[in-house]
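Structure file structure_13.csv; described as CSV, C-alpha atoms and all ligand atoms.
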chain,number,residue,atom,x,y,z
F,318,MET,CA,139.6,-19.3,141.9
F,319,SER,CA,138.0,-15.9,141.5
F,320,GLN,CA,137.8,-13.3,144.1
F,321,TYR,CA,134.0,-13.5,144.5
F,322,ASN,CA,131.3,-16.2,144.5
F,323,VAL,CA,127.9,-15.3,143.3
F,324,VAL,CA,124.4,-16.8,143.4
F,325,PHE,CA,122.0,-15.2,141.0
F,326,VAL,CA,118.3,-15.0,141.9
F,327,LEU,CA,115.8,-14.8,139.1
F,328,GLY,CA,112.1,-15.1,138.6
F,329,GLY,CA,109.2,-12.9,137.5
F,330,PRO,CA,108.1,-9.7,139.3
F,331,GLY,CA,106.6,-10.8,142.6
F,332,ALA,CA,108.0,-14.3,142.4
F,333,GLY,CA,109.5,-13.9,145.9
F,334,LYS,CA,113.2,-13.0,145.1
F,335,GLY,CA,113.5,-10.3,147.7
F,336,THR,CA,111.6,-12.3,150.4
F,337,GLN,CA,113.8,-15.3,150.0
F,338,CYS,CA,117.0,-13.3,149.8
F,339,GLU,CA,116.3,-11.9,153.3
F,340,ASN,CA,116.0,-15.4,154.6
F,341,ILE,CA,119.2,-16.5,152.9
F,342,VAL,CA,121.2,-13.5,154.2
F,343,ARG,CA,120.1,-14.3,157.7
F,344,ASP,CA,121.2,-17.9,157.6
F,345,TYR,CA,124.0,-18.1,155.1
F,346,GLY,CA,126.0,-14.9,155.4
F,347,PHE,CA,125.7,-13.7,151.8
F,348,VAL,CA,125.6,-10.0,150.9
F,349,HIS,CA,122.3,-9.3,149.1
F,350,LEU,CA,122.5,-7.0,146.1
F,351,SER,CA,119.2,-6.3,144.3
F,352,ALA,CA,119.9,-4.8,140.9
F,353,GLY,CA,116.5,-3.1,141.0
F,354,ASP,CA,117.2,-1.6,144.4
F,355,LEU,CA,120.6,-0.3,143.3
F,356,LEU,CA,119.0,1.2,140.2
F,357,ARG,CA,116.3,2.9,142.3
F,358,GLU,CA,119.0,4.3,144.6
F,359,GLU,CA,121.0,5.6,141.7
F,360,ARG,CA,117.8,7.2,140.2
F,361,GLN,CA,117.3,9.1,143.5
F,362,ARG,CA,120.9,10.4,143.7
F,363,PRO,CA,120.6,14.1,142.9
F,364,SER,CA,123.8,14.3,140.9
F,365,SER,CA,123.2,11.1,139.0
F,366,GLU,CA,123.4,11.5,135.2
F,367,PHE,CA,121.3,8.4,134.7
F,368,GLY,CA,118.2,9.2,136.8
F,369,GLU,CA,115.8,9.9,134.0
F,370,GLU,CA,117.1,7.1,131.9
F,371,ILE,CA,116.6,4.6,134.7
F,372,GLU,CA,113.1,5.9,135.6
F,373,GLY,CA,112.1,5.5,131.9
F,374,HIS,CA,113.1,1.9,131.9
F,375,ILE,CA,111.6,1.1,135.3
F,376,LYS,CA,108.2,2.5,134.3
F,377,ASN,CA,108.3,0.7,131.0
F,378,GLY,CA,109.5,-2.5,132.4
F,379,THR,CA,112.5,-2.5,130.1
F,380,ILE,CA,116.1,-3.2,131.0
F,381,VAL,CA,118.7,-0.5,131.8
F,382,PRO,CA,121.9,-0.8,129.8
F,383,VAL,CA,124.3,-3.2,131.5
F,384,GLN,CA,127.1,-0.6,131.8
F,385,ILE,CA,125.1,1.2,134.4
F,386,THR,CA,123.8,-1.9,136.3
F,387,CYS,CA,127.0,-3.8,136.2
F,388,SER,CA,129.0,-0.8,137.5
F,389,LEU,CA,126.6,-0.4,140.4
F,390,LEU,CA,126.9,-4.1,141.2
F,391,ARG,CA,130.6,-4.1,141.0
F,392,ARG,CA,131.1,-1.1,143.1
F,393,ALA,CA,128.7,-2.5,145.8
F,394,MET,CA,130.7,-5.8,145.8
F,395,GLU,CA,134.0,-4.0,146.2
F,396,GLU,CA,132.8,-1.6,148.9
F,397,SER,CA,131.3,-4.5,150.9
F,398,GLY,CA,134.7,-6.1,151.6
F,399,GLU,CA,132.9,-9.5,151.4
F,400,LYS,CA,133.2,-12.4,149.0
F,401,LYS,CA,129.8,-14.1,148.8
F,402,PHE,CA,127.0,-12.4,147.0
F,403,LEU,CA,123.4,-13.0,146.3
F,404,ILE,CA,122.5,-10.9,143.2
F,405,ASP,CA,118.8,-10.6,142.8
F,406,GLY,CA,117.2,-9.5,139.5
F,407,PHE,CA,120.2,-9.9,137.3
F,408,PRO,CA,121.1,-10.9,134.6
F,409,ARG,CA,117.7,-10.0,133.1
F,410,ASN,CA,118.6,-10.1,129.3
F,411,LYS,CA,121.4,-10.9,126.9
F,412,ASP,CA,122.9,-7.4,127.3
F,413,ASN,CA,123.1,-8.0,131.1
F,414,LEU,CA,124.6,-11.4,130.6
F,415,ASP,CA,127.2,-10.4,128.0
F,416,GLY,CA,128.2,-7.3,130.0
F,417,TRP,CA,128.6,-9.3,133.2
F,418,ASN,CA,130.7,-12.0,131.5
F,419,ASN,CA,132.9,-9.4,129.9
F,420,ALA,CA,133.4,-7.4,133.1
F,421,MET,CA,133.5,-10.2,135.7
F,422,LYS,CA,135.3,-13.1,134.0
F,423,GLY,CA,138.0,-14.2,136.4
F,424,VAL,CA,136.7,-11.8,139.0
F,425,ALA,CA,133.4,-13.5,140.1
F,426,ASP,CA,132.3,-17.1,139.7
F,427,VAL,CA,128.6,-17.8,139.2
F,428,ARG,CA,128.0,-20.8,141.5
F,429,MET,CA,124.2,-21.2,141.2
F,430,VAL,CA,121.1,-19.6,139.8
F,431,LEU,CA,118.0,-19.8,142.0
F,432,PHE,CA,114.9,-19.6,139.9
F,433,PHE,CA,111.6,-18.9,141.4
F,434,ASN,CA,109.0,-20.1,139.0
F,435,CYS,CA,105.6,-18.5,139.5
F,436,SER,CA,102.5,-18.1,137.2
F,437,GLU,CA,101.7,-14.8,135.7
F,438,GLN,CA,98.5,-14.5,137.6
F,439,VAL,CA,100.2,-15.0,141.0
F,440,CYS,CA,102.9,-12.5,140.1
F,441,VAL,CA,100.4,-9.9,139.0
F,442,ASP,CA,98.3,-10.4,142.2
F,443,ARG,CA,101.3,-10.1,144.5
F,444,CYS,CA,102.7,-7.0,142.8
F,445,LEU,CA,99.3,-5.2,142.8
F,446,ASN,CA,99.0,-6.1,146.5
F,447,ARG,CA,102.5,-4.8,147.1
F,448,GLY,CA,101.7,-1.7,145.1
F,449,LYS,CA,99.3,-0.6,147.8
F,450,THR,CA,102.2,0.2,150.1
F,451,SER,CA,105.5,-0.1,148.1
F,452,GLY,CA,105.4,3.4,146.5
F,453,ARG,CA,107.0,1.8,143.4
F,454,SER,CA,106.2,3.5,140.1
F,455,ASP,CA,106.0,0.0,138.4
F,456,ASP,CA,103.7,-1.9,140.7
F,457,ASN,CA,100.6,-1.1,138.6
F,458,LEU,CA,98.8,-3.1,136.0
F,459,GLU,CA,100.1,-1.2,133.0
F,460,SER,CA,103.8,-1.5,134.0
F,461,LEU,CA,103.3,-5.0,135.2
F,462,LYS,CA,102.2,-6.2,131.8
F,463,LYS,CA,105.3,-4.7,130.3
F,464,ARG,CA,107.5,-6.2,133.0
F,465,ILE,CA,106.0,-9.7,132.4
F,466,HIS,CA,106.6,-9.3,128.7
F,467,THR,CA,110.2,-8.5,129.3
F,468,TYR,CA,110.5,-11.4,131.6
F,469,ASN,CA,109.1,-13.9,129.1
F,470,SER,CA,110.9,-12.6,126.1
F,471,SER,CA,114.3,-11.6,127.6
F,472,THR,CA,114.8,-13.2,131.0
F,473,MET,CA,113.6,-16.7,130.3
F,474,PRO,CA,116.3,-17.2,127.6
F,475,ILE,CA,118.9,-16.3,130.2
F,476,ILE,CA,117.5,-18.9,132.6
F,477,ASP,CA,117.6,-21.4,129.8
F,478,HIS,CA,121.2,-20.5,129.1
F,479,TYR,CA,122.2,-21.2,132.7
F,480,ARG,CA,120.2,-24.5,132.5
F,481,THR,CA,122.6,-25.6,129.8
F,482,LEU,CA,125.4,-24.9,132.2
F,483,SER,CA,123.6,-27.0,134.9
F,484,LEU,CA,123.5,-24.1,137.3
F,485,VAL,CA,119.8,-23.6,137.7
F,486,GLN,CA,117.9,-24.7,140.9
F,487,GLU,CA,114.3,-24.3,140.1
F,488,MET,CA,111.8,-23.6,143.0
F,489,ASN,CA,108.0,-23.5,142.9
F,490,GLY,CA,107.5,-19.9,143.8
F,491,GLU,CA,103.8,-20.3,144.4
F,492,LYS,CA,104.2,-22.2,147.7
F,493,SER,CA,104.1,-20.3,151.0
F,494,PRO,CA,107.3,-18.3,151.8
F,495,ASP,CA,108.3,-20.9,154.5
F,496,GLU,CA,107.8,-23.8,152.1
F,497,VAL,CA,109.8,-22.1,149.4
F,498,TYR,CA,112.6,-21.4,151.9
F,499,GLY,CA,112.7,-25.0,152.8
F,500,ASP,CA,113.4,-25.8,149.1
F,501,VAL,CA,116.0,-23.0,149.0
F,502,LYS,CA,117.9,-24.4,151.9
F,503,GLY,CA,117.9,-27.8,150.3
F,504,ALA,CA,119.6,-26.2,147.2
F,505,LEU,CA,122.0,-24.0,149.1
F,506,ASP,CA,123.2,-26.7,151.5
F,507,GLY,CA,124.6,-28.5,148.5
F,508,LEU,CA,126.8,-25.5,147.7
F,509,ASN,CA,130.1,-25.5,149.6
F,510,LEU,CA,130.1,-21.8,150.3
C,601,LIG,O1,114.0,-6.5,140.2
C,601,LIG,P1,113.0,-5.4,140.3
C,601,LIG,O2,111.6,-5.8,140.1
C,601,LIG,O3,113.2,-4.5,141.5
C,601,LIG,O4,113.4,-4.5,139.0
C,601,LIG,C1,112.6,-3.3,138.8
C,601,LIG,C2,113.0,-2.7,137.4
C,601,LIG,O5,114.3,-2.3,137.5
C,601,LIG,C3,112.9,-3.7,136.2
C,601,LIG,O6,111.6,-3.8,135.7
C,601,LIG,C4,113.8,-2.9,135.3
C,601,LIG,O7,113.2,-1.8,134.6
C,601,LIG,C5,114.9,-2.5,136.2
C,601,LIG,N1,116.0,-3.4,136.2
C,601,LIG,C6,116.9,-3.4,135.1
C,601,LIG,N2,117.9,-4.3,135.1
C,601,LIG,C7,118.1,-5.2,136.0
C,601,LIG,C8,117.2,-5.3,137.2
C,601,LIG,C9,116.2,-4.3,137.2
C,601,LIG,O8,116.8,-2.6,134.2
C,601,LIG,N3,119.1,-6.1,136.0
C,602,MG,MG,113.0,-7.2,144.4
Written as structure tokens, how would this file's structure read?
Ligand code: C5P
Ligand code: MG
Amino acid sequence: MSQYNVVFVLGGPGAGKGTQCENIVRDYGFVHLSAGDLLREERQRPSSEFGEEIEGHIKNGTIVPVQITCSLLRRAMEESGEKKFLIDGFPRNKDNLDGWNNAMKGVADVRMVLFFNCSEQVCVDRCLNRGKTSGRSDDNLESLKKRIHTYNSSTMPIIDHYRTLSLVQEMNGEKSPDEVYGDVKGALDGLNL
């Protein structure tokens, strides 16, 4: 038994990861850690040595080296004093996966991967809509194309890897938020956490 239990939440940009995580936190008592949010926070920290590097990756839709992201996740886990985590937007590529496995073996058990499947068109439309108010430097068409490329080429293989471990619960992310959450509950209720 490891110290921590983890549910990873994956899906394209705009697939509904953040929205569903809010629901889950309310009803299931997980601590929600968004890798993207942690990176954006670190980018804003005046004394961060990684600010420019992180912003470069975010704008380009590429993936920040795992040493940075995994340290932020691990510190947030330790500081929370809790044991159940919903980690959203991670692991996004093989570097993320390998770094996590190296650092967290015996420390955290991955119990499930929630995968919100959503077509490219719906993802783009949702993010462009969010971009009107999000203030995010990557909710624009140019960045979105790159984010979707990264998702298809680097993140899908990670989801396939977890499929081979029978950890993936796939949801249709195009349904309404309430309908998707109904499916999410069905998956989480089977987890004894
Ligand atoms: O998940 P979110 O859409 O907030 O991620 C925004 C950006 O943060 C990604 O496009 C990527 O540049 C960066 N990111 C990363 N590694 C992660 C999660 C996010 O580099 N594991
Ligand atoms: Mg998010």
d(CA of Gln438 in chain F, CA of Leu484 in chain F) in Å
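Going from CA of Gln438 in chain F over to CA of Leu484 in chain F, I get 26.8 Å.
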Ligand LIG 601 (chain C): which residues are within 10 Å, counting all atoms listed in the file? Reply as a count of residues only.
57
As number ranges by chain, please: the residues near Gly490 in chain F (cut-off 7 Å, only C-alpha atoms, same-chain neighbours under 3 positions excluded).
F: 332-333, 433-435, 497
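With distances restricted to only C-alpha atoms and all ligand atoms, F:Arg447 is the closest residue to ligand MG 602 (chain C) from F:Arg447, F:Lys400, F:Arg343, F:Arg391.
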Closest to Asp415 in chain F among F:His478, F:Arg428, F:Arg362, F:Lys401, using only C-alpha atoms?
F:His478
